[in-house]
$ cat start-v3.txt   # compact mmCIF, C-alpha atoms
# COMPACT_ATOMS: atom_id res chain seq x y z
CA MET B 1 14.00 9.90 11.88
CA SER B 2 10.30 9.82 12.65
CA GLU B 3 9.36 9.61 16.27
CA VAL B 4 6.34 7.48 16.97
CA ALA B 5 4.19 8.05 20.01
CA ASP B 6 2.60 4.80 21.17
CA ASN B 7 -0.39 5.01 23.48
CA SER B 8 -1.65 1.46 23.11
CA THR B 9 -3.28 -0.78 25.65
CA SER B 10 -4.42 -4.36 25.42
CA GLY B 11 -6.92 -6.08 27.60
CA THR B 12 -8.67 -9.32 28.29
CA ALA B 13 -11.53 -10.52 26.15
CA ASP B 14 -13.97 -8.63 28.41
CA VAL B 15 -12.23 -5.29 28.00
CA ALA B 16 -12.24 -3.25 24.81
CA SER B 17 -8.61 -2.98 23.85
CA SER B 18 -7.21 -0.12 21.84
CA GLY B 19 -4.10 0.99 20.06
CA SER B 20 -3.02 4.52 19.31
CA TRP B 21 0.02 5.87 17.50
CA SER B 22 0.99 9.17 16.00
CA THR B 23 3.89 10.34 13.91
CA GLU B 24 4.84 12.77 11.17
CA ALA B 25 2.70 12.52 8.05
CA THR B 26 5.45 11.23 5.77
CA PRO B 27 5.65 8.05 3.64
CA THR B 28 8.01 6.48 6.16
CA GLY B 29 5.79 7.51 9.08
CA ALA B 30 2.78 5.96 7.37
CA ALA B 31 4.67 2.69 6.85
CA VAL B 32 5.70 2.62 10.51
CA LEU B 33 2.10 3.11 11.68
CA ARG B 34 0.87 0.42 9.29
CA LYS B 35 3.41 -2.04 10.70
CA ALA B 36 2.59 -1.10 14.29
CA LEU B 37 -1.11 -1.69 13.57
CA THR B 38 -0.41 -5.03 11.87
CA PHE B 39 1.70 -6.22 14.79
CA TRP B 40 -0.86 -5.07 17.36
CA LEU B 41 -3.71 -6.81 15.51
CA SER B 42 -1.81 -10.08 15.10
CA THR B 43 -0.92 -10.24 18.79
CA ASN B 44 -4.38 -9.28 20.12
CA PHE B 45 -6.69 -11.09 17.70
CA ASP B 46 -7.04 -14.35 15.87
CA LEU B 47 -7.62 -12.94 12.40
CA SER B 48 -7.24 -14.70 9.07
CA ARG B 49 -4.34 -13.58 6.91
CA GLU B 50 -6.83 -12.15 4.49
CA ARG B 51 -8.59 -10.08 7.14
CA LEU B 52 -5.29 -8.90 8.57
CA SER B 53 -4.03 -7.73 5.20
CA ASP B 54 -7.40 -6.09 4.40
CA ILE B 55 -7.17 -3.98 7.54
CA ALA B 56 -3.50 -3.16 6.99
CA LEU B 57 -4.11 -2.10 3.39
CA ALA B 58 -7.20 0.01 4.15
CA ALA B 59 -5.38 1.73 7.02
CA ASN B 60 -2.40 2.29 4.75
CA GLU B 61 -4.56 3.98 2.13
CA ALA B 62 -6.13 6.29 4.71
CA LEU B 63 -2.65 7.19 5.96
CA ALA B 64 -1.40 7.69 2.40
CA ASN B 65 -4.22 10.16 1.75
CA VAL B 66 -3.08 12.22 4.73
CA VAL B 67 0.54 12.16 3.57
CA GLU B 68 -0.41 13.26 0.08
CA HIS B 69 -3.19 15.76 0.68
CA ALA B 70 -3.54 16.94 4.21
CA TYR B 71 -0.94 19.60 4.68
CA GLY B 72 0.20 22.70 2.86
CA ILE B 73 3.84 23.72 2.58
CA THR B 74 3.62 26.12 5.52
CA GLU B 75 2.93 23.44 8.11
CA ASP B 76 5.80 22.25 10.18
CA LEU B 77 5.60 18.93 12.00
CA PRO B 78 2.37 17.73 10.35
CA LEU B 79 1.06 14.85 12.40
CA VAL B 80 -1.13 11.89 11.58
CA GLU B 81 -2.76 9.71 14.21
CA LEU B 82 -3.86 6.09 13.84
CA ASP B 83 -6.22 4.59 16.39
CA VAL B 84 -7.67 1.10 16.53
CA MET B 85 -10.38 -0.10 18.87
CA HIS B 86 -12.08 -3.43 19.36
CA ASP B 87 -15.64 -3.13 20.60
CA THR B 88 -16.39 -6.42 22.36
CA ASP B 89 -20.15 -5.73 22.41
CA SER B 90 -20.58 -5.27 18.70
CA GLY B 91 -17.59 -7.40 17.71
CA ARG B 92 -16.30 -4.60 15.52
CA ILE B 93 -12.78 -3.43 14.91
CA VAL B 94 -12.65 0.28 14.18
CA VAL B 95 -9.57 1.93 12.70
CA THR B 96 -9.47 5.72 12.72
CA VAL B 97 -6.96 7.92 10.90
CA THR B 98 -6.92 11.56 11.96
CA ASP B 99 -5.08 14.63 10.71
CA ARG B 100 -5.34 18.31 11.60
CA GLY B 101 -4.53 19.72 8.18
CA HIS B 102 -6.31 21.47 5.40
CA TRP B 103 -6.57 19.16 2.47
CA ARG B 104 -4.89 20.37 -0.67
CA ILE B 105 -6.81 20.17 -3.91
CA PRO B 106 -5.37 17.13 -5.67
CA ALA B 107 -3.32 17.64 -8.85
CA ALA B 108 -5.12 17.00 -12.13
CA ASP B 109 -5.07 13.35 -13.14
CA PRO B 110 -6.71 13.10 -16.57
CA LEU B 111 -5.49 9.57 -17.28
CA HIS B 112 -6.87 8.33 -13.94
CA LEU B 113 -3.48 6.98 -12.99
CA ARG B 114 -3.97 7.70 -9.30
CA GLY B 115 -6.89 7.67 -6.89
CA ARG B 116 -7.25 4.00 -6.06
CA GLY B 117 -7.00 4.58 -2.31
CA LEU B 118 -10.65 5.39 -1.74
CA PRO B 119 -12.09 2.55 -3.88
CA LEU B 120 -9.74 0.18 -2.06
CA MET B 121 -10.86 1.38 1.37
CA LYS B 122 -14.50 0.93 0.39
CA ALA B 123 -13.88 -2.55 -1.00
CA LEU B 124 -11.83 -3.70 1.98
CA ALA B 125 -13.83 -2.42 4.95
CA SER B 126 -17.42 -3.04 6.04
CA ASP B 127 -17.87 0.71 6.42
CA VAL B 128 -15.92 3.88 5.63
CA VAL B 129 -16.87 7.25 7.15
CA PHE B 130 -15.19 10.61 6.50
CA ASP B 131 -15.49 13.44 9.00
CA LYS B 132 -14.17 16.66 7.45
CA ALA B 133 -13.91 19.89 9.41
CA ASP B 134 -11.78 23.03 9.28
CA SER B 135 -9.70 21.58 12.08
CA GLY B 136 -8.87 18.43 10.15
CA THR B 137 -10.14 15.16 8.77
CA ARG B 138 -10.96 11.82 10.34
CA VAL B 139 -11.49 8.59 8.45
CA ARG B 140 -13.20 5.75 10.29
CA LEU B 141 -12.91 2.21 8.91
CA THR B 142 -14.97 -0.59 10.41
CA TRP B 143 -14.77 -4.40 10.22
CA GLU B 144 -17.18 -6.91 11.72
CA ILE B 145 -15.10 -9.37 13.73
CA GLU B 146 -16.41 -12.10 16.01
CA ARG B 147 -13.62 -13.39 18.14
CA ALA B 148 -10.73 -11.93 20.11
CA ARG B 149 -7.87 -13.97 21.52
CA MET W 1 23.40 -7.83 -21.12
CA SER W 2 22.94 -11.26 -19.57
CA ASP W 3 23.83 -10.78 -15.90
CA SER W 4 21.47 -10.36 -12.98
CA ASP W 5 21.96 -6.97 -11.39
CA ALA W 6 20.51 -6.63 -7.92
CA VAL W 7 19.36 -3.12 -7.10
CA SER W 8 18.92 -2.81 -3.35
CA GLY W 9 17.21 0.09 -1.73
CA GLY W 10 14.97 1.37 0.97
CA ALA W 11 17.39 0.75 3.83
CA THR W 12 15.91 3.37 6.15
CA PRO W 13 15.53 2.49 9.83
CA PHE W 14 11.75 2.44 9.82
CA GLY W 15 10.94 2.28 6.13
CA SER W 16 10.78 -0.57 3.69
CA GLN W 17 13.48 -2.80 5.10
CA GLY W 18 14.08 -5.71 2.82
CA PHE W 19 12.80 -3.91 -0.28
CA GLU W 20 14.77 -4.97 -3.28
CA ILE W 21 14.47 -5.05 -7.05
CA ALA W 22 16.45 -7.67 -8.96
CA VAL W 23 16.96 -7.07 -12.68
CA ALA W 24 17.49 -10.04 -14.98
CA TRP W 25 17.68 -10.21 -18.76
CA ASN W 26 16.33 -13.20 -20.66
CA GLY W 27 17.62 -12.48 -24.11
CA ARG W 28 16.09 -9.07 -24.86
CA ILE W 29 13.29 -9.43 -22.29
CA VAL W 30 13.95 -7.76 -18.95
CA VAL W 31 12.42 -9.12 -15.74
CA LEU W 32 12.21 -6.84 -12.69
CA SER W 33 11.63 -8.99 -9.60
CA VAL W 34 10.32 -6.98 -6.66
CA PHE W 35 10.71 -8.09 -3.04
CA GLY W 36 9.23 -6.59 0.12
CA SER W 37 6.56 -3.92 0.59
CA LEU W 38 5.62 -1.89 -2.48
CA ASP W 39 4.18 1.28 -0.89
CA MET W 40 4.68 5.07 -0.90
CA VAL W 41 8.23 4.65 0.37
CA SER W 42 9.43 2.12 -2.20
CA ALA W 43 7.22 2.85 -5.24
CA PRO W 44 9.53 5.60 -6.56
CA GLN W 45 12.37 3.07 -6.71
CA LEU W 46 10.31 0.72 -8.85
CA SER W 47 9.40 3.61 -11.09
CA GLU W 48 13.07 4.44 -11.53
CA SER W 49 14.00 0.81 -12.18
CA ILE W 50 11.35 0.56 -14.88
CA LEU W 51 12.63 3.75 -16.52
CA ASN W 52 16.20 2.41 -16.44
CA ALA W 53 15.05 -0.88 -17.94
CA LEU W 54 13.13 0.90 -20.72
CA ALA W 55 16.21 2.99 -21.50
CA ASN W 56 17.98 -0.23 -22.46
CA LYS W 57 15.41 -0.85 -25.20
CA PRO W 58 14.12 -4.29 -24.18
CA ALA W 59 11.90 -6.38 -26.44
CA ALA W 60 9.49 -6.69 -23.50
CA ILE W 61 9.39 -5.84 -19.83
CA ILE W 62 8.05 -8.04 -17.04
CA VAL W 63 7.48 -6.85 -13.46
CA ASP W 64 7.43 -9.87 -11.15
CA LEU W 65 5.52 -9.27 -7.91
CA THR W 66 5.64 -12.81 -6.53
CA GLY W 67 8.08 -11.66 -3.82
CA VAL W 68 5.93 -8.69 -2.80
CA GLU W 69 4.35 -9.09 0.63
CA PHE W 70 2.33 -5.86 0.62
CA LEU W 71 1.01 -3.88 -2.33
CA ALA W 72 -0.35 -0.37 -1.69
CA SER W 73 -2.15 1.86 -4.18
CA ALA W 74 1.13 3.79 -4.60
CA GLY W 75 2.61 0.62 -6.09
CA MET W 76 -0.45 0.07 -8.29
CA THR W 77 -0.09 3.63 -9.62
CA VAL W 78 3.50 2.92 -10.68
CA LEU W 79 2.41 -0.23 -12.51
CA VAL W 80 -0.43 1.52 -14.33
CA ALA W 81 1.76 4.48 -15.28
CA ALA W 82 4.49 2.16 -16.54
CA ASN W 83 1.97 0.17 -18.53
CA GLU W 84 0.67 3.38 -20.12
CA GLN W 85 4.16 4.54 -20.95
CA ALA W 86 5.58 1.23 -22.13
CA LYS W 87 2.74 -0.17 -24.15
CA GLU W 88 3.23 2.36 -26.91
CA SER W 89 6.47 0.62 -27.82
CA VAL W 90 7.20 -2.33 -25.54
CA PRO W 91 4.94 -5.15 -24.27
CA PHE W 92 4.50 -4.81 -20.49
CA GLY W 93 3.48 -7.71 -18.26
CA VAL W 94 2.96 -8.16 -14.52
CA VAL W 95 3.39 -11.44 -12.65
CA ALA W 96 1.28 -11.79 -9.53
CA ASP W 97 0.00 -14.86 -7.74
CA GLY W 98 -1.89 -15.52 -4.56
CA PRO W 99 -4.35 -13.56 -2.45
CA ALA W 100 -2.02 -10.97 -0.88
CA ILE W 101 -1.35 -9.22 -4.16
CA GLY W 102 -3.90 -10.54 -6.64
CA ARG W 103 -6.95 -9.81 -4.50
CA PRO W 104 -6.41 -6.07 -3.98
CA MET W 105 -5.55 -5.71 -7.66
CA LYS W 106 -8.80 -7.39 -8.67
CA MET W 107 -10.77 -5.20 -6.27
CA VAL W 108 -9.89 -2.11 -8.29
CA GLY W 109 -9.92 -3.79 -11.69
CA LEU W 110 -6.18 -3.76 -12.19
CA ASP W 111 -6.30 -7.31 -13.53
CA LYS W 112 -8.22 -5.88 -16.49
CA GLU W 113 -6.00 -2.84 -17.00
CA LEU W 114 -2.72 -4.74 -16.92
CA THR W 115 -1.54 -7.83 -18.75
CA MET W 116 -1.21 -10.33 -15.91
CA TYR W 117 0.49 -13.68 -15.63
CA SER W 118 0.64 -16.11 -12.72
CA THR W 119 4.29 -17.08 -13.24
CA VAL W 120 7.40 -15.54 -14.79
CA ASP W 121 7.71 -18.58 -17.07
CA ALA W 122 4.20 -18.02 -18.40
CA ALA W 123 5.00 -14.35 -19.02
CA LEU W 124 8.25 -15.16 -20.81
CA ALA W 125 6.58 -17.80 -22.95
CA ALA W 126 3.77 -15.47 -23.96
CA MET W 127 6.01 -12.49 -24.64
CA SER W 128 8.70 -14.40 -26.47
CA ALA W 129 6.12 -15.80 -28.87
CA ALA W 130 4.58 -12.40 -29.60

$ encode --input "start-v3.txt" --output "structure tokens"
Amino acid sequence: MSEVADNSTSGTADVASSGSWSTEATPTGAAVLRKALTFWLSTNFDLSRERLSDIALAANEALANVVEHAYGITEDLPLVELDVMHDTDSGRIVVTVTDRGHWRIPAADPLHLRGRGLPLMKALASDVVFDKADSGTRVRLTWEIERAR
Amino acid sequence: MSDSDAVSGGATPFGSQGFEIAVAWNGRIVVLSVFGSLDMVSAPQLSESILNALANKPAAIIVDLTGVEFLASAGMTVLVAANEQAKESVPFGVVADGPAIGRPMKMVGLDKELTMYSTVDAALAAMSAA
């Protein structure tokens, strides 16, 4: 059973509210974080169904990349962290997915059957930024949002 | 084979609760109706269901996504792979309606790669006539 650490806060409209969760980088862990994010967004913001599902899907794809690529077989307890932050000044929602692994080289895919995660993230979010270092990788997804609850 | 066989799965505590694939035969055309979230957790089950359906030598295979509430790229990969594998011998169609599923598929051009229908009836009509 995956344990999920929840470090979320929520605030008034004047305070930037944030959510933060971490769990093992497994398919089930990724699904749990996606659902936690979706629930947190729907209770803190007045987003359209479309916007909500865009954010959930983009976050899911970033998480899926970590599950598939980020850790070698020697790692035990590989973790993935999902953070979300609403910046009330800029009106942006920023979702960040962080891992501390070394990304494996992806398996050959000559028929292009895989690899839709990145095009999806780019189509769904206003901005996608990758930060790769030896210590790990961070993906930052941004949406322009006007109103909070 | 004319019965509906429900294949339930994904009953993990935190995984895809409510994920289910119902298999129904319309003559020699098999319809796989998917319910719930189609993501990394549940995609392997759909893959297996499609393989099982193909093993029964259908005249055509339809994957119905109208009950799917969330479609991740892992699910899209299964559909594309199945389409590649099936189309050599068996017509393969996907039913998807509405923004939750259709929009992400269009974003990555899946509506052009796959043969899409907006209802199961439309898919059956088209594939029965072929």

$ residues_around --input "start-v3.txt" --residues "Ser73 (chain W)" --least-positions-apart "5" --cutoff "8 Å" --atoms "all atoms listed in the file" --output "number ranges by chain"
B: 61, 114-117; W: 39

$ residues_around --input "start-v3.txt" --residues "Asp83 (chain B)" --least-positions-apart "4" --cutoff "6 Å" --atoms "all atoms listed in the file" --output "list of chain:residue names"
B:Gly19, B:Ser20, B:Val95, B:Thr96

$ write_last_selection --input "start-v3.txt" --atoms "C-alpha atoms" --output "compact mmCIF listing (two decimals), keeping the file's coordinate frame"
# COMPACT_ATOMS: atom_id res chain seq x y z
CA GLY B 19 -4.10 0.99 20.06
CA SER B 20 -3.02 4.52 19.31
CA VAL B 95 -9.57 1.93 12.70
CA THR B 96 -9.47 5.72 12.72

$ atom_distance --input "start-v3.txt" --atom1 "CA of Thr26 (chain B)" --atom2 "CA of Val34 (chain W)"
22.6 Å

$ atom_distance --input "start-v3.txt" --atom1 "CA of Asn44 (chain B)" --atom2 "CA of Asn60 (chain B)"
19.3 Å

$ residues_around --input "start-v3.txt" --residues "Phe35 (chain W)" --least-positions-apart "6" --cutoff "9 Å" --atoms "all atoms listed in the file" --output "PyMOL selection string"
chain W and resi 18-22+64-69

$ decode --input "start-v3.txt" --residues "region 33-76 of chain W" --atoms "C-alpha atoms" --output "mmCIF file, in the first residue's frame"
data_model
loop_
_atom_site.group_PDB
_atom_site.id
_atom_site.type_symbol
_atom_site.label_atom_id
_atom_site.label_comp_id
_atom_site.auth_asym_id
_atom_site.auth_seq_id
_atom_site.Cartn_x
_atom_site.Cartn_y
_atom_site.Cartn_z
ATOM 1 C CA SER W 33 -17.160 -1.153 -22.987
ATOM 2 C CA VAL W 34 -14.709 0.540 -20.637
ATOM 3 C CA PHE W 35 -15.762 2.283 -17.420
ATOM 4 C CA GLY W 36 -13.710 4.399 -15.036
ATOM 5 C CA SER W 37 -10.194 5.822 -15.364
ATOM 6 C CA LEU W 38 -8.054 4.450 -18.193
ATOM 7 C CA ASP W 39 -4.525 5.204 -16.918
ATOM 8 C CA MET W 40 -1.232 3.438 -16.130
ATOM 9 C CA VAL W 41 -2.959 1.288 -13.526
ATOM 10 C CA SER W 42 -5.838 0.038 -15.671
ATOM 11 C CA ALA W 43 -4.405 0.178 -19.220
ATOM 12 C CA PRO W 44 -2.812 -3.301 -18.972
ATOM 13 C CA GLN W 45 -6.251 -4.764 -18.256
ATOM 14 C CA LEU W 46 -7.688 -3.225 -21.404
ATOM 15 C CA SER W 47 -4.738 -4.556 -23.350
ATOM 16 C CA GLU W 48 -5.419 -8.042 -22.022
ATOM 17 C CA SER W 49 -9.148 -7.790 -22.746
ATOM 18 C CA ILE W 50 -8.432 -6.783 -26.331
ATOM 19 C CA LEU W 51 -6.050 -9.726 -26.746
ATOM 20 C CA ASN W 52 -8.665 -12.102 -25.328
ATOM 21 C CA ALA W 53 -11.296 -10.677 -27.661
ATOM 22 C CA LEU W 54 -9.003 -11.041 -30.694
ATOM 23 C CA ALA W 55 -8.297 -14.647 -29.728
ATOM 24 C CA ASN W 56 -11.986 -15.372 -30.303
ATOM 25 C CA LYS W 57 -11.646 -14.320 -33.948
ATOM 26 C CA PRO W 58 -14.276 -11.565 -34.125
ATOM 27 C CA ALA W 59 -15.405 -10.053 -37.417
ATOM 28 C CA ALA W 60 -14.661 -6.631 -35.902
ATOM 29 C CA ILE W 61 -13.715 -5.161 -32.553
ATOM 30 C CA ILE W 62 -15.135 -2.001 -30.999
ATOM 31 C CA VAL W 63 -13.702 -0.327 -27.889
ATOM 32 C CA ASP W 64 -16.380 1.864 -26.324
ATOM 33 C CA LEU W 65 -14.985 4.688 -24.185
ATOM 34 C CA THR W 66 -18.250 6.498 -23.445
ATOM 35 C CA GLY W 67 -18.054 5.348 -19.804
ATOM 36 C CA VAL W 68 -14.450 6.496 -19.381
ATOM 37 C CA GLU W 69 -14.086 9.500 -17.084
ATOM 38 C CA PHE W 70 -10.327 9.976 -17.475
ATOM 39 C CA LEU W 71 -8.088 8.972 -20.366
ATOM 40 C CA ALA W 72 -4.310 9.113 -19.855
ATOM 41 C CA SER W 73 -1.636 8.627 -22.501
ATOM 42 C CA ALA W 74 -1.147 5.079 -21.159
ATOM 43 C CA GLY W 75 -4.688 4.327 -22.324
ATOM 44 C CA MET W 76 -4.075 5.998 -25.683
#
